[in-house]
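Student: My structure file entry.txt, compact mmCIF, C-alpha atoms, is below:
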# COMPACT_ATOMS: atom_id res chain seq x y z
CA GLN A 68 74.66 226.64 301.09
CA LEU A 69 73.25 223.51 302.68
CA PRO A 70 75.24 222.02 305.58
CA VAL A 71 75.99 218.62 304.02
CA ASN A 72 79.42 217.92 305.50
CA ASN A 73 79.93 214.44 306.86
CA THR A 74 81.78 215.18 310.07
CA ILE A 75 80.13 213.85 313.20
CA GLY A 76 78.98 216.90 315.09
CA LYS A 77 76.12 219.22 315.92
CA ALA A 78 73.91 220.65 313.21
CA ASP A 79 72.45 224.15 313.04
CA VAL A 80 68.79 224.12 314.06
CA GLY A 81 66.04 226.49 312.97
CA THR A 82 63.39 228.08 315.14
CA PHE A 83 60.89 225.91 316.97
CA VAL A 84 58.27 226.14 319.68
CA PRO A 85 59.38 224.09 322.73
CA ALA A 86 56.69 222.17 324.61
CA ALA A 87 56.26 222.59 328.35
CA SER A 88 55.51 218.89 328.69
CA ILE A 89 55.01 215.73 326.68
CA GLU A 90 51.44 214.52 326.39
CA ILE A 91 51.39 210.80 327.19
CA THR A 92 48.51 208.43 326.42
CA ARG A 93 49.28 204.95 327.70
CA ALA A 94 48.18 201.82 325.87
CA ALA A 95 45.10 200.27 327.48
CA THR A 96 46.48 196.76 326.90
CA LEU A 97 50.17 195.82 326.77
CA ALA A 98 51.31 193.35 324.14
CA PRO A 99 53.02 190.09 325.19
CA LEU A 100 56.81 190.25 324.99
CA PRO A 101 58.40 188.22 322.17
CA ARG A 102 60.82 185.41 322.83
CA PRO A 103 64.27 185.15 321.26
CA PRO A 104 65.42 184.84 318.59
CA TYR A 105 63.90 188.21 317.75
CA GLY A 106 65.14 188.62 314.20
CA PHE A 107 65.50 192.22 313.14
CA GLY A 108 62.56 194.61 313.08
CA ASN A 109 59.91 191.93 313.50
CA HIS A 110 58.43 193.21 316.78
CA PHE A 111 57.36 196.65 317.97
CA THR A 112 56.74 198.04 321.44
CA ASP A 113 53.52 199.36 322.92
CA HIS A 114 53.98 203.07 322.13
CA ILE A 115 55.32 205.55 319.58
CA ALA A 116 56.43 209.17 320.04
CA THR A 117 55.47 211.98 317.67
CA LEU A 118 56.26 215.62 316.91
CA ARG A 119 54.53 217.79 314.33
CA TYR A 120 55.88 220.69 312.31
CA THR A 121 53.99 223.49 310.64
CA GLU A 122 55.48 226.56 309.05
CA ALA A 123 53.56 228.77 311.49
CA THR A 124 54.48 227.02 314.74
CA GLY A 125 57.69 225.07 314.10
CA TRP A 126 58.18 221.72 315.82
CA GLY A 127 55.75 221.09 318.64
CA GLU A 128 52.91 218.92 319.98
CA PRO A 129 55.23 216.26 321.49
CA ARG A 130 53.19 213.16 322.25
CA ILE A 131 53.59 209.54 323.21
CA VAL A 132 50.63 207.42 322.13
CA PRO A 133 49.76 203.73 321.76
CA PHE A 134 51.44 202.05 318.79
CA GLY A 135 49.28 202.23 315.70
CA GLU A 136 48.98 203.20 312.08
CA ILE A 137 49.44 206.76 310.81
CA SER A 138 47.13 208.50 308.34
CA LEU A 139 48.68 210.62 305.56
CA HIS A 140 47.24 212.63 302.68
CA PRO A 141 47.42 210.68 299.38
CA SER A 142 49.50 213.47 297.81
CA ALA A 143 51.79 213.99 300.81
CA ALA A 144 55.30 214.90 299.67
CA GLY A 145 56.65 211.94 301.64
CA PHE A 146 54.66 209.67 299.30
CA GLN A 147 55.02 211.59 296.06
CA TYR A 148 58.56 212.97 296.23
CA SER A 149 60.25 210.79 298.89
CA GLN A 150 60.87 213.76 301.17
CA SER A 151 61.60 211.65 304.21
CA ILE A 152 64.56 210.72 306.40
CA PHE A 153 65.33 208.49 309.34
CA ASP A 154 68.09 207.52 311.71
CA ALA A 155 68.60 204.53 313.96
CA PHE A 156 70.51 203.58 317.08
CA LYS A 157 70.22 201.26 320.05
CA ALA A 158 69.66 201.16 323.78
CA HIS A 159 71.14 198.33 325.85
CA LEU A 160 70.35 196.85 329.23
CA GLN A 161 73.22 197.44 331.65
CA PRO A 162 74.51 195.01 334.33
CA ASP A 163 72.64 196.94 337.06
CA GLY A 164 69.34 196.64 335.17
CA SER A 165 69.35 200.22 333.89
CA LEU A 166 68.92 201.13 330.22
CA ALA A 167 71.47 203.18 328.27
CA MET A 168 71.30 204.67 324.76
CA PHE A 169 74.48 204.52 322.70
CA ARG A 170 75.64 207.86 321.23
CA PRO A 171 72.14 209.32 320.73
CA ASP A 172 73.55 212.84 320.37
CA MET A 173 75.58 211.78 317.34
CA HIS A 174 72.52 210.21 315.75
CA ILE A 175 70.40 213.31 316.34
CA ALA A 176 73.15 215.42 314.74
CA ARG A 177 73.18 213.12 311.72
CA LEU A 178 69.37 213.20 311.51
CA ASN A 179 69.56 216.98 311.35
CA ARG A 180 72.22 216.89 308.63
CA SER A 181 70.01 214.55 306.63
CA ALA A 182 67.13 216.95 307.22
CA ALA A 183 69.14 219.89 305.90
CA ARG A 184 70.07 217.97 302.74
CA MET A 185 66.43 216.98 302.10
CA CYS A 186 65.02 220.49 302.80
CA ILE A 187 63.34 219.30 305.99
CA PRO A 188 63.25 221.58 309.08
CA GLN A 189 65.79 220.46 311.66
CA VAL A 190 64.70 219.39 315.13
CA GLU A 191 65.94 220.94 318.36
CA PRO A 192 68.20 218.19 319.78
CA GLN A 193 67.17 218.46 323.42
CA MET A 194 63.48 218.26 322.57
CA LEU A 195 64.01 215.07 320.56
CA MET A 196 66.36 213.60 323.16
CA GLU A 197 63.79 213.99 325.94
CA LEU A 198 61.04 212.60 323.76
CA MET A 199 63.10 209.48 322.98
CA GLN A 200 64.18 209.04 326.59
CA ARG A 201 60.59 209.14 327.78
CA LEU A 202 59.52 206.65 325.13
CA CYS A 203 62.35 204.27 326.06
CA ASP A 204 61.48 204.61 329.74
CA LEU A 205 57.81 203.88 329.10
CA ASP A 206 58.60 200.77 327.05
CA ARG A 207 61.77 199.67 328.84
CA ARG A 208 60.25 196.26 329.61
CA TRP A 209 60.83 195.46 325.93
CA ALA A 210 64.62 195.84 326.18
CA PRO A 211 66.06 192.33 325.64
CA SER A 212 68.77 190.93 327.87
CA ASP A 213 70.30 188.11 325.80
CA PRO A 214 73.75 188.59 324.20
CA GLY A 215 73.86 190.57 320.95
CA SER A 216 70.32 191.91 321.37
CA ALA A 217 69.21 195.50 321.93
CA LEU A 218 66.29 197.90 321.84
CA TYR A 219 66.37 199.49 318.40
CA ILE A 220 65.31 203.17 318.22
CA ARG A 221 64.25 204.68 314.91
CA PRO A 222 63.29 208.37 314.58
CA THR A 223 61.69 209.08 311.20
CA ILE A 224 60.54 212.34 309.59
CA VAL A 225 58.09 212.40 306.69
CA ALA A 226 56.59 215.33 304.76
CA THR A 227 52.82 215.28 305.33
CA GLU A 228 51.54 218.29 303.38
CA GLY A 229 49.29 217.28 300.49
CA PHE A 230 50.11 218.96 297.15
CA VAL A 231 51.50 218.02 293.75
CA SER A 232 53.82 220.85 292.69
CA LEU A 233 57.50 220.18 293.18
CA ARG A 234 58.76 222.07 296.24
CA PRO A 235 59.67 221.32 299.87
CA ALA A 236 56.64 220.61 302.03
CA ARG A 237 55.47 222.96 304.78
CA ASP A 238 54.19 220.28 307.18
CA TYR A 239 56.05 217.31 308.66
CA LEU A 240 55.57 214.47 311.11
CA LEU A 241 58.35 212.99 313.23
CA VAL A 242 57.70 209.48 314.56
CA VAL A 243 59.90 207.42 316.87
CA PHE A 244 59.27 203.70 317.27
CA LEU A 245 61.13 200.98 319.15
CA SER A 246 61.85 197.36 318.32
CA PRO A 247 63.66 194.58 320.24
CA VAL A 248 66.23 193.14 317.84
CA GLY A 249 68.80 190.40 317.54
CA ASP A 250 71.26 189.63 314.74
CA TYR A 251 70.78 191.61 311.53
CA PHE A 252 72.08 188.88 309.22
CA THR A 253 70.61 185.38 309.16
CA GLU A 254 74.22 184.13 309.33
CA GLY A 255 74.51 185.77 312.77
CA SER A 256 78.14 186.62 313.44
CA ALA A 257 79.47 184.24 310.77
CA PRO A 258 81.37 185.82 307.84
CA VAL A 259 79.12 186.81 304.94
CA ARG A 260 79.57 186.44 301.19
CA ILE A 261 79.35 189.65 299.14
CA LEU A 262 79.27 190.62 295.46
CA ALA A 263 81.14 193.68 294.18
CA SER A 264 79.13 195.43 291.48
CA ASP A 265 80.50 197.66 288.72
CA GLU A 266 77.06 197.73 287.06
CA PHE A 267 75.02 199.36 289.83
CA VAL A 268 76.01 202.20 292.14
CA ARG A 269 74.54 203.16 295.50
CA ALA A 270 75.13 206.93 295.18
CA ALA A 271 77.00 209.50 293.12
CA ARG A 272 78.99 212.57 294.11
CA GLY A 273 76.76 215.59 294.47
CA GLY A 274 73.75 213.42 295.33
CA VAL A 275 72.16 212.40 298.62
CA GLY A 276 74.34 209.39 299.49
CA SER A 277 75.44 211.04 302.75
CA ALA A 278 71.82 211.54 303.87
CA LYS A 279 69.88 208.78 305.58
CA THR A 280 66.89 209.04 303.27
CA GLY A 281 64.67 206.19 302.20
CA GLY A 282 65.33 206.67 298.48
CA ASN A 283 68.94 205.52 298.89
CA TYR A 284 67.77 202.21 300.31
CA ALA A 285 64.97 201.73 297.77
CA ALA A 286 67.44 202.32 294.93
CA ALA A 287 69.69 199.58 296.35
CA MET A 288 67.02 196.89 296.50
CA TYR A 289 67.13 195.75 292.87
CA ALA A 290 70.88 195.10 292.83
CA THR A 291 70.77 193.56 296.32
CA ARG A 292 67.97 191.19 295.35
CA ALA A 293 69.92 190.08 292.29
CA ALA A 294 72.96 189.40 294.51
CA VAL A 295 70.91 187.43 297.02
CA GLU A 296 69.48 185.30 294.19
CA GLN A 297 73.09 184.40 293.33
CA GLY A 298 73.82 183.34 296.91
CA TYR A 299 75.37 186.54 298.27
CA SER A 300 74.29 188.45 301.38
CA GLN A 301 75.07 191.99 300.23
CA ILE A 302 76.44 194.21 297.47
CA LEU A 303 79.90 195.77 297.75
CA TRP A 304 79.26 199.23 296.31
CA LEU A 305 81.95 200.90 294.22
CA ASP A 306 82.24 204.60 293.45
CA GLY A 307 79.87 206.06 290.89
CA VAL A 308 82.53 207.60 288.61
CA GLU A 309 85.36 205.15 288.01
CA ARG A 310 83.57 202.07 289.43
CA ARG A 311 86.85 201.12 291.11
CA TYR A 312 86.93 202.35 294.69
CA LEU A 313 85.16 200.74 297.63
CA GLU A 314 82.42 202.90 299.16
CA GLU A 315 80.00 200.84 301.27
CA VAL A 316 78.93 197.24 301.72
CA GLY A 317 75.17 196.83 301.79
CA SER A 318 74.01 199.47 304.25
CA MET A 319 77.31 199.41 306.16
CA ASN A 320 80.62 201.23 306.04
CA ILE A 321 83.47 198.98 304.95
CA PHE A 322 86.89 198.37 306.53
CA VAL A 323 89.82 196.35 305.21
CA LYS A 324 93.00 195.25 306.92
CA ILE A 325 95.91 194.98 304.49
CA ALA A 326 99.48 194.24 305.61
CA GLY A 327 98.57 194.99 309.22
CA GLN A 328 96.93 198.38 308.56
CA VAL A 329 93.18 198.96 308.93
CA ARG A 330 91.76 201.22 306.22
CA THR A 331 88.33 202.62 305.43
CA PRO A 332 87.25 204.91 302.58
CA PRO A 333 87.26 208.63 303.44
CA LEU A 334 83.86 210.24 303.88
CA SER A 335 82.28 212.08 300.99
CA ASP A 336 78.79 213.15 299.96
CA SER A 337 78.27 209.67 298.49
CA ILE A 338 79.09 207.81 301.73
CA LEU A 339 77.00 207.84 304.90
CA ALA A 340 78.91 209.03 307.96
CA GLY A 341 78.35 206.00 310.15
CA VAL A 342 78.32 206.52 313.90
CA THR A 343 79.56 202.94 314.31
CA ARG A 344 82.30 203.75 311.80
CA ASP A 345 83.33 206.75 313.92
CA THR A 346 83.24 204.60 317.06
CA ILE A 347 85.38 201.87 315.52
CA LEU A 348 87.94 204.40 314.33
CA SER A 349 88.13 205.83 317.86
CA ILE A 350 88.59 202.39 319.43
CA LEU A 351 91.33 201.50 316.95
CA ARG A 352 93.19 204.77 317.41
CA ASP A 353 92.93 204.59 321.20
CA SER A 354 94.45 201.10 321.05
CA GLY A 355 97.41 202.34 319.03
CA ALA A 356 96.47 200.32 315.95
CA ALA A 357 97.63 201.42 312.49
CA VAL A 358 94.50 202.91 310.92
CA SER A 359 93.82 205.32 308.07
CA GLU A 360 90.97 206.83 306.05
CA GLU A 361 92.02 206.52 302.43
CA PRO A 362 90.68 205.14 299.15
CA VAL A 363 90.84 201.39 298.57
CA SER A 364 90.29 200.01 295.06
CA ILE A 365 88.70 196.66 294.30
CA ASP A 366 91.82 195.75 292.29
CA GLU A 367 94.02 196.46 295.31
CA LEU A 368 91.81 194.18 297.39
CA PHE A 369 92.27 191.27 294.97
CA GLU A 370 95.98 192.00 294.58
CA ALA A 371 96.44 191.97 298.37
CA HIS A 372 94.70 188.62 298.52
CA ALA A 373 97.01 187.23 295.82
CA ALA A 374 100.03 188.55 297.73
CA GLY A 375 98.81 187.08 301.00
CA THR A 376 98.49 190.49 302.69
CA LEU A 377 94.69 190.73 302.86
CA ASP A 378 94.21 190.11 306.56
CA GLU A 379 90.53 190.94 307.15
CA VAL A 380 87.47 192.66 305.66
CA PHE A 381 84.46 193.75 307.69
CA GLY A 382 81.47 196.07 307.64
CA THR A 383 80.21 198.31 310.45
CA GLY A 384 76.77 199.70 311.16
CA THR A 385 74.19 200.22 313.87
CA ALA A 386 72.21 197.14 312.88
CA ALA A 387 74.98 194.61 312.25
CA ILE A 388 77.55 196.20 314.65
CA VAL A 389 80.73 194.64 313.18
CA SER A 390 80.12 192.06 310.46
CA PRO A 391 82.97 189.89 309.10
CA ILE A 392 83.19 189.33 305.35
CA GLY A 393 84.41 185.90 304.30
CA ARG A 394 84.08 185.89 300.51
CA ILE A 395 84.16 188.62 297.86
CA ALA A 396 83.15 188.08 294.23
CA TYR A 397 83.96 190.44 291.37
CA LYS A 398 83.76 189.97 287.60
CA GLY A 399 83.43 186.22 287.84
CA LYS A 400 86.29 185.78 290.32
CA GLU A 401 85.90 185.10 294.04
CA ILE A 402 88.38 185.37 296.88
CA GLN A 403 88.13 183.92 300.36
CA VAL A 404 89.27 186.04 303.30
CA ARG A 405 91.00 184.18 306.16
CA ASP A 406 89.63 180.85 304.91
CA GLY A 407 86.13 182.20 305.52
CA GLN A 408 86.72 182.61 309.27
CA ARG A 409 86.36 185.65 311.54
CA GLY A 410 89.59 187.60 311.92
CA PRO A 411 91.08 188.57 315.31
CA THR A 412 90.68 192.34 314.74
CA THR A 413 87.05 191.93 313.65
CA GLU A 414 86.29 189.74 316.64
CA TRP A 415 88.07 192.05 319.09
CA LEU A 416 86.26 195.13 317.77
CA TYR A 417 82.88 193.41 317.97
CA ASP A 418 83.51 192.24 321.53
CA ARG A 419 84.95 195.59 322.64
CA LEU A 420 82.13 197.65 321.16
CA LEU A 421 79.42 195.39 322.55
CA ALA A 422 81.08 195.44 325.99
CA VAL A 423 81.01 199.25 326.01
CA GLN A 424 77.41 199.36 324.80
CA LYS A 425 76.23 196.85 327.38
CA GLY A 426 78.16 198.41 330.26
CA ARG A 427 80.58 195.52 330.74
CA ASP A 428 83.57 197.73 329.93
CA ASN A 429 84.55 201.29 330.81
CA ASP A 430 83.28 204.17 328.70
CA PRO A 431 86.04 206.80 328.66
CA GLN A 432 84.41 208.69 325.78
CA GLY A 433 81.05 209.03 327.53
CA TRP A 434 79.19 207.30 324.71
CA ARG A 435 76.52 205.73 326.92
CA MET A 436 73.55 207.86 328.00
CA SER A 437 71.33 206.49 330.75
CA VAL A 438 67.57 206.53 330.28
CA PRO A 439 66.10 208.11 333.42
CA HIS A 440 63.06 206.78 335.26
CA PHE A 441 60.40 209.46 334.83
CA ALA A 442 57.55 209.88 337.26
Using structure tokens, write down the structure from this file.
Tutor:
Amino acid sequence: QLPVNNTIGKADVGTFVPAASIEITRAATLAPLPRPPYGFGNHFTDHIATLRYTEATGWGEPRIVPFGEISLHPSAAGFQYSQSIFDAFKAHLQPDGSLAMFRPDMHIARLNRSAARMCIPQVEPQMLMELMQRLCDLDRRWAPSDPGSALYIRPTIVATEGFVSLRPARDYLLVVFLSPVGDYFTEGSAPVRILASDEFVRAARGGVGSAKTGGNYAAAMYATRAAVEQGYSQILWLDGVERRYLEEVGSMNIFVKIAGQVRTPPLSDSILAGVTRDTILSILRDSGAAVSEEPVSIDELFEAHAAGTLDEVFGTGTAAIVSPIGRIAYKGKEIQVRDGQRGPTTEWLYDRLLAVQKGRDNDPQGWRMSVPHFA
């Protein structure tokens, strides 16, 4: 049975061949650094890191090379059958000038769970951690210092074997690239307007909604584009069976605060186990706030608004951090949350999380991991 549970934790890892050292080829010419605002994913650093997998050798050949294009066979399973996964997290400049990744171990564990669900060989965590640390160290000059910005880290695995029959591939390529980023939404930290859809679903039970695989995001584009054309920023996804219960908002986990209690849908195999979601739950519980993981229906959301008990709605994710939601439309009706303004809980969580990430606040959970200076 495939390990597809959604708890944040370590994944079982298959055999691999560890490398004695990482082969590093430095870029002959360094690119000029971009100036803020950076946007999101518009700029890329001077190098990428790679690992290769073959059935005979396992994961090996760790390399850091100049940033460039990658050649794949036209019938590679990553092209033909979407056998690919990715994860994403951030590194932040600290007050002393050092660079610290935020919860990279949790993201590696999730990458390996996604790998297991997509029949991709899992990567030995320490090998990948060292590879990413060395890449971040080599390109640390790209880490932005302005508020709300970060160095975005995206490990990606794609099946590279060329064939046409339907089966898991035998060869894979892991690539890690870095990007200096700012706000994910064009609205910045302002509350966004979202559209709840009972026509389209993001994922169904028994599917791959809990895996961070590209097909989930491609499948969401049509409905999201239609929402954007109507003036909304994102889709509020409902469950795939009853089309009633909140699941995710765009590519984020969703939280609501009703009558003083913060609630978020419980994890399932149709909801991605967000590391930011897990972090926010920990911060709330440590503060003594009333918080629960339980289903929330779209009808309950509108009823709470009518009763005056809908305090706040927000989404959480690596890219957007904590994003306030100001308006929600559903079946021709639209409600405004907190007069379209950021709520105090949303604002406090955003500030608290960013302060921990950027080293301005204590880190009792040990979430920050410093990037060493390698010789």
Student: Would you be able to write out as a PyMOL selection string which residues have an atom within 8 Å of (65.6, 205.1, 314.4) in the file's coordinates, counting all atoms listed in the file?
Tutor: chain A and resi 153-156+219-223+243-245
Student: Only C-alpha atoms, please: the residues just picked out, written as a PDB file, in the frame of the given file.
Tutor:
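Now in again_17.pdb:
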ATOM      1  CA  PHE A 153      65.330 208.490 309.340  1.00  0.00           C
ATOM      2  CA  ASP A 154      68.090 207.520 311.710  1.00  0.00           C
ATOM      3  CA  ALA A 155      68.600 204.530 313.960  1.00  0.00           C
ATOM      4  CA  PHE A 156      70.510 203.580 317.080  1.00  0.00           C
ATOM      5  CA  TYR A 219      66.370 199.490 318.400  1.00  0.00           C
ATOM      6  CA  ILE A 220      65.310 203.170 318.220  1.00  0.00           C
ATOM      7  CA  ARG A 221      64.250 204.680 314.910  1.00  0.00           C
ATOM      8  CA  PRO A 222      63.290 208.370 314.580  1.00  0.00           C
ATOM      9  CA  THR A 223      61.690 209.080 311.200  1.00  0.00           C
ATOM     10  CA  VAL A 243      59.900 207.420 316.870  1.00  0.00           C
ATOM     11  CA  PHE A 244      59.270 203.700 317.270  1.00  0.00           C
ATOM     12  CA  LEU A 245      61.130 200.980 319.150  1.00  0.00           C
TER      13      LEU A 245
END
Student: Quick one: distance from atom CA of A:Lys400 to atom CA of A:Leu368 in Å, one decimal?
Tutor: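 So the two atoms, atom CA of A:Lys400 and atom CA of A:Leu368, lie 12.3 Å apart.
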Student: Which residues are near A:Phe252? Cut-off 9 Å, all atoms listed in the file, ignore same chain within fewer than 2 positions. Put them as a list in words.
Tutor: Gly106, Phe107, Asp250, Glu254, Gly255, Ser256, Ala257, Val259, Ser300, Ala387 and Ser390 of chain A
Student: Taking 5 positions as the minimum chain separation for residues in the same chain, which residues sit within 6 Å of A:Ser364 when counting all atoms listed in the file? Answer as a list in words.
Tutor: Arg311, Tyr312 and Leu313 of chain A
Student: Considering all atoms listed in the file, return as a PyMOL selection string whatever protein or nucleic-acid residues lie within 6 Å of stretch 110-114 of chain A, sequence-local ones (same chain, fewer than 6 positions apart) excluded.
Tutor: chain A and resi 132-134+245-246
Student: Limited to C-alpha atoms, could you put the picked residues into a file as an mmCIF file, in the coordinates of the input?
Tutor:
data_model
loop_
_atom_site.group_PDB
_atom_site.id
_atom_site.type_symbol
_atom_site.label_atom_id
_atom_site.label_comp_id
_atom_site.auth_asym_id
_atom_site.auth_seq_id
_atom_site.Cartn_x
_atom_site.Cartn_y
_atom_site.Cartn_z
ATOM 1 C CA VAL A 132 50.630 207.420 322.130
ATOM 2 C CA PRO A 133 49.760 203.730 321.760
ATOM 3 C CA PHE A 134 51.440 202.050 318.790
ATOM 4 C CA LEU A 245 61.130 200.980 319.150
ATOM 5 C CA SER A 246 61.850 197.360 318.320
#
Student: Stretch 77-172 of chain A near stretch 192-214 of chain A within 10 Å: what's each residue's closest atom pair and its distance in Å to one decimal, counting only C-alpha atoms, ordered by chain then ascending residue number, as JSON lines?
Tutor:
{"residue": "A:Lys77", "atom": "CA", "partner": "A:Pro192", "partner_atom": "CA", "distance": 8.9}
{"residue": "A:Ala78", "atom": "CA", "partner": "A:Pro192", "partner_atom": "CA", "distance": 9.0}
{"residue": "A:Asp79", "atom": "CA", "partner": "A:Pro192", "partner_atom": "CA", "distance": 10.0}
{"residue": "A:Val80", "atom": "CA", "partner": "A:Pro192", "partner_atom": "CA", "distance": 8.3}
{"residue": "A:Phe83", "atom": "CA", "partner": "A:Met194", "partner_atom": "CA", "distance": 9.8}
{"residue": "A:Val84", "atom": "CA", "partner": "A:Met194", "partner_atom": "CA", "distance": 9.9}
{"residue": "A:Pro85", "atom": "CA", "partner": "A:Met194", "partner_atom": "CA", "distance": 7.1}
{"residue": "A:Ala86", "atom": "CA", "partner": "A:Met194", "partner_atom": "CA", "distance": 8.1}
{"residue": "A:Ser88", "atom": "CA", "partner": "A:Leu198", "partner_atom": "CA", "distance": 9.7}
{"residue": "A:Ile89", "atom": "CA", "partner": "A:Leu198", "partner_atom": "CA", "distance": 7.4}
{"residue": "A:Ile91", "atom": "CA", "partner": "A:Leu202", "partner_atom": "CA", "distance": 9.4}
{"residue": "A:Arg93", "atom": "CA", "partner": "A:Leu205", "partner_atom": "CA", "distance": 8.7}
{"residue": "A:Leu97", "atom": "CA", "partner": "A:Asp206", "partner_atom": "CA", "distance": 9.8}
{"residue": "A:Ala98", "atom": "CA", "partner": "A:Trp209", "partner_atom": "CA", "distance": 9.9}
{"residue": "A:Pro99", "atom": "CA", "partner": "A:Trp209", "partner_atom": "CA", "distance": 9.5}
{"residue": "A:Leu100", "atom": "CA", "partner": "A:Trp209", "partner_atom": "CA", "distance": 6.6}
{"residue": "A:Pro101", "atom": "CA", "partner": "A:Trp209", "partner_atom": "CA", "distance": 8.5}
{"residue": "A:Arg102", "atom": "CA", "partner": "A:Pro211", "partner_atom": "CA", "distance": 9.1}
{"residue": "A:Pro103", "atom": "CA", "partner": "A:Asp213", "partner_atom": "CA", "distance": 8.1}
{"residue": "A:Pro104", "atom": "CA", "partner": "A:Asp213", "partner_atom": "CA", "distance": 9.3}
{"residue": "A:Tyr105", "atom": "CA", "partner": "A:Pro211", "partner_atom": "CA", "distance": 9.2}
{"residue": "A:His110", "atom": "CA", "partner": "A:Trp209", "partner_atom": "CA", "distance": 9.7}
{"residue": "A:Phe111", "atom": "CA", "partner": "A:Trp209", "partner_atom": "CA", "distance": 8.8}
{"residue": "A:Thr112", "atom": "CA", "partner": "A:Asp206", "partner_atom": "CA", "distance": 6.5}
{"residue": "A:Asp113", "atom": "CA", "partner": "A:Asp206", "partner_atom": "CA", "distance": 6.7}
{"residue": "A:His114", "atom": "CA", "partner": "A:Asp206", "partner_atom": "CA", "distance": 7.1}
{"residue": "A:Ile115", "atom": "CA", "partner": "A:Leu202", "partner_atom": "CA", "distance": 7.0}
{"residue": "A:Ala116", "atom": "CA", "partner": "A:Leu202", "partner_atom": "CA", "distance": 6.5}
{"residue": "A:Thr117", "atom": "CA", "partner": "A:Leu198", "partner_atom": "CA", "distance": 8.3}
{"residue": "A:Leu118", "atom": "CA", "partner": "A:Leu195", "partner_atom": "CA", "distance": 8.6}
{"residue": "A:Trp126", "atom": "CA", "partner": "A:Met194", "partner_atom": "CA", "distance": 9.3}
{"residue": "A:Gly127", "atom": "CA", "partner": "A:Met194", "partner_atom": "CA", "distance": 9.1}
{"residue": "A:Pro129", "atom": "CA", "partner": "A:Leu198", "partner_atom": "CA", "distance": 7.2}
{"residue": "A:Arg130", "atom": "CA", "partner": "A:Leu198", "partner_atom": "CA", "distance": 8.0}
{"residue": "A:Ile131", "atom": "CA", "partner": "A:Leu202", "partner_atom": "CA", "distance": 6.9}
{"residue": "A:Val132", "atom": "CA", "partner": "A:Leu202", "partner_atom": "CA", "distance": 9.4}
{"residue": "A:Lys157", "atom": "CA", "partner": "A:Ala210", "partner_atom": "CA", "distance": 9.9}
{"residue": "A:Ala158", "atom": "CA", "partner": "A:Ala210", "partner_atom": "CA", "distance": 7.7}
{"residue": "A:His159", "atom": "CA", "partner": "A:Ala210", "partner_atom": "CA", "distance": 7.0}
{"residue": "A:Leu160", "atom": "CA", "partner": "A:Ser212", "partner_atom": "CA", "distance": 6.3}
{"residue": "A:Gln161", "atom": "CA", "partner": "A:Ser212", "partner_atom": "CA", "distance": 8.7}
{"residue": "A:Pro162", "atom": "CA", "partner": "A:Ser212", "partner_atom": "CA", "distance": 9.6}
{"residue": "A:Gly164", "atom": "CA", "partner": "A:Ser212", "partner_atom": "CA", "distance": 9.3}
{"residue": "A:Ser165", "atom": "CA", "partner": "A:Arg207", "partner_atom": "CA", "distance": 9.1}
{"residue": "A:Leu166", "atom": "CA", "partner": "A:Arg207", "partner_atom": "CA", "distance": 7.4}
{"residue": "A:Ala167", "atom": "CA", "partner": "A:Cys203", "partner_atom": "CA", "distance": 9.4}
{"residue": "A:Met168", "atom": "CA", "partner": "A:Gln200", "partner_atom": "CA", "distance": 8.6}
{"residue": "A:Pro171", "atom": "CA", "partner": "A:Met196", "partner_atom": "CA", "distance": 7.6}
{"residue": "A:Asp172", "atom": "CA", "partner": "A:Pro192", "partner_atom": "CA", "distance": 7.6}
Student: Using all atoms listed in the file, which protein or nucleic acid residues come within 8 Å of A:Phe230? Drop anything in the same chain fewer than 5 positions from it, and give the result as a PyMOL selection string.
Tutor: chain A and resi 142-144
Student: Sorted by chain and rising residue number, list the residues of stretch 174-255 of chain A at most 8 Å from stretch 266-281 of chain A (counting all atoms listed in the file), each with its closest atom pair and distance in Å to one decimal, as JSON lines.
Tutor:
{"residue": "A:Leu178", "atom": "CA", "partner": "A:Lys279", "partner_atom": "CA", "distance": 7.4}
{"residue": "A:Arg180", "atom": "CA", "partner": "A:Ala278", "partner_atom": "CA", "distance": 7.2}
{"residue": "A:Ser181", "atom": "CA", "partner": "A:Ala278", "partner_atom": "CA", "distance": 4.5}
{"residue": "A:Ala182", "atom": "CA", "partner": "A:Ala278", "partner_atom": "CA", "distance": 7.9}
{"residue": "A:Arg184", "atom": "CA", "partner": "A:Ala278", "partner_atom": "CA", "distance": 6.8}
{"residue": "A:Met185", "atom": "CA", "partner": "A:Ala278", "partner_atom": "CA", "distance": 7.9}
Student: Counting only C-alpha atoms, which residue out of A:Leu348, A:Leu420, A:Val380, A:Leu241 sits closest to A:Ile321?
Tutor: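 Of A:Leu348, A:Leu420, A:Val380, A:Leu241, the one nearest A:Ile321, counting only C-alpha atoms, is A:Val380.
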Student: In Å, with one decimal, what is the gap from atom CA of A:Asp163 to atom CA of A:Thr343?
Tutor: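 Interatomic distance here is 24.5 Å.
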Student: Rounded to one decimal in Å, what is the spacing between atom CA of A:Ile347 and atom CA of A:Lys425?
Tutor: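 Straight-line distance from atom CA of A:Ile347 to atom CA of A:Lys425 works out to 15.8 Å.
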Student: Please tell me which residues are no farther than 8 Å from (58.5, 209.5, 305.6) in the file, counting only C-alpha atoms, and write them as a ChimeraX atom specification.
Tutor: /A:145-146,149-153,223-226,240,281
Student: I'd like to know which of A:Ile175, A:Val342, A:Met288, A:Ala236 is closest to A:Ile187, using only C-alpha atoms.
Tutor: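 Selected residue with least distance to A:Ile187: A:Ala236.
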Student: Could you write out as AutoDock Vina command-line options the box around stretch 338-351 of chain A (axis-aligned, all atoms listed in the file, 8 Å on each side), with centre and edge lengths in Å to one decimal?
Tutor:
--center_x 84.2 --center_y 205.3 --center_z 310.6 --size_x 30.3 --size_y 23.5 --size_z 33.7
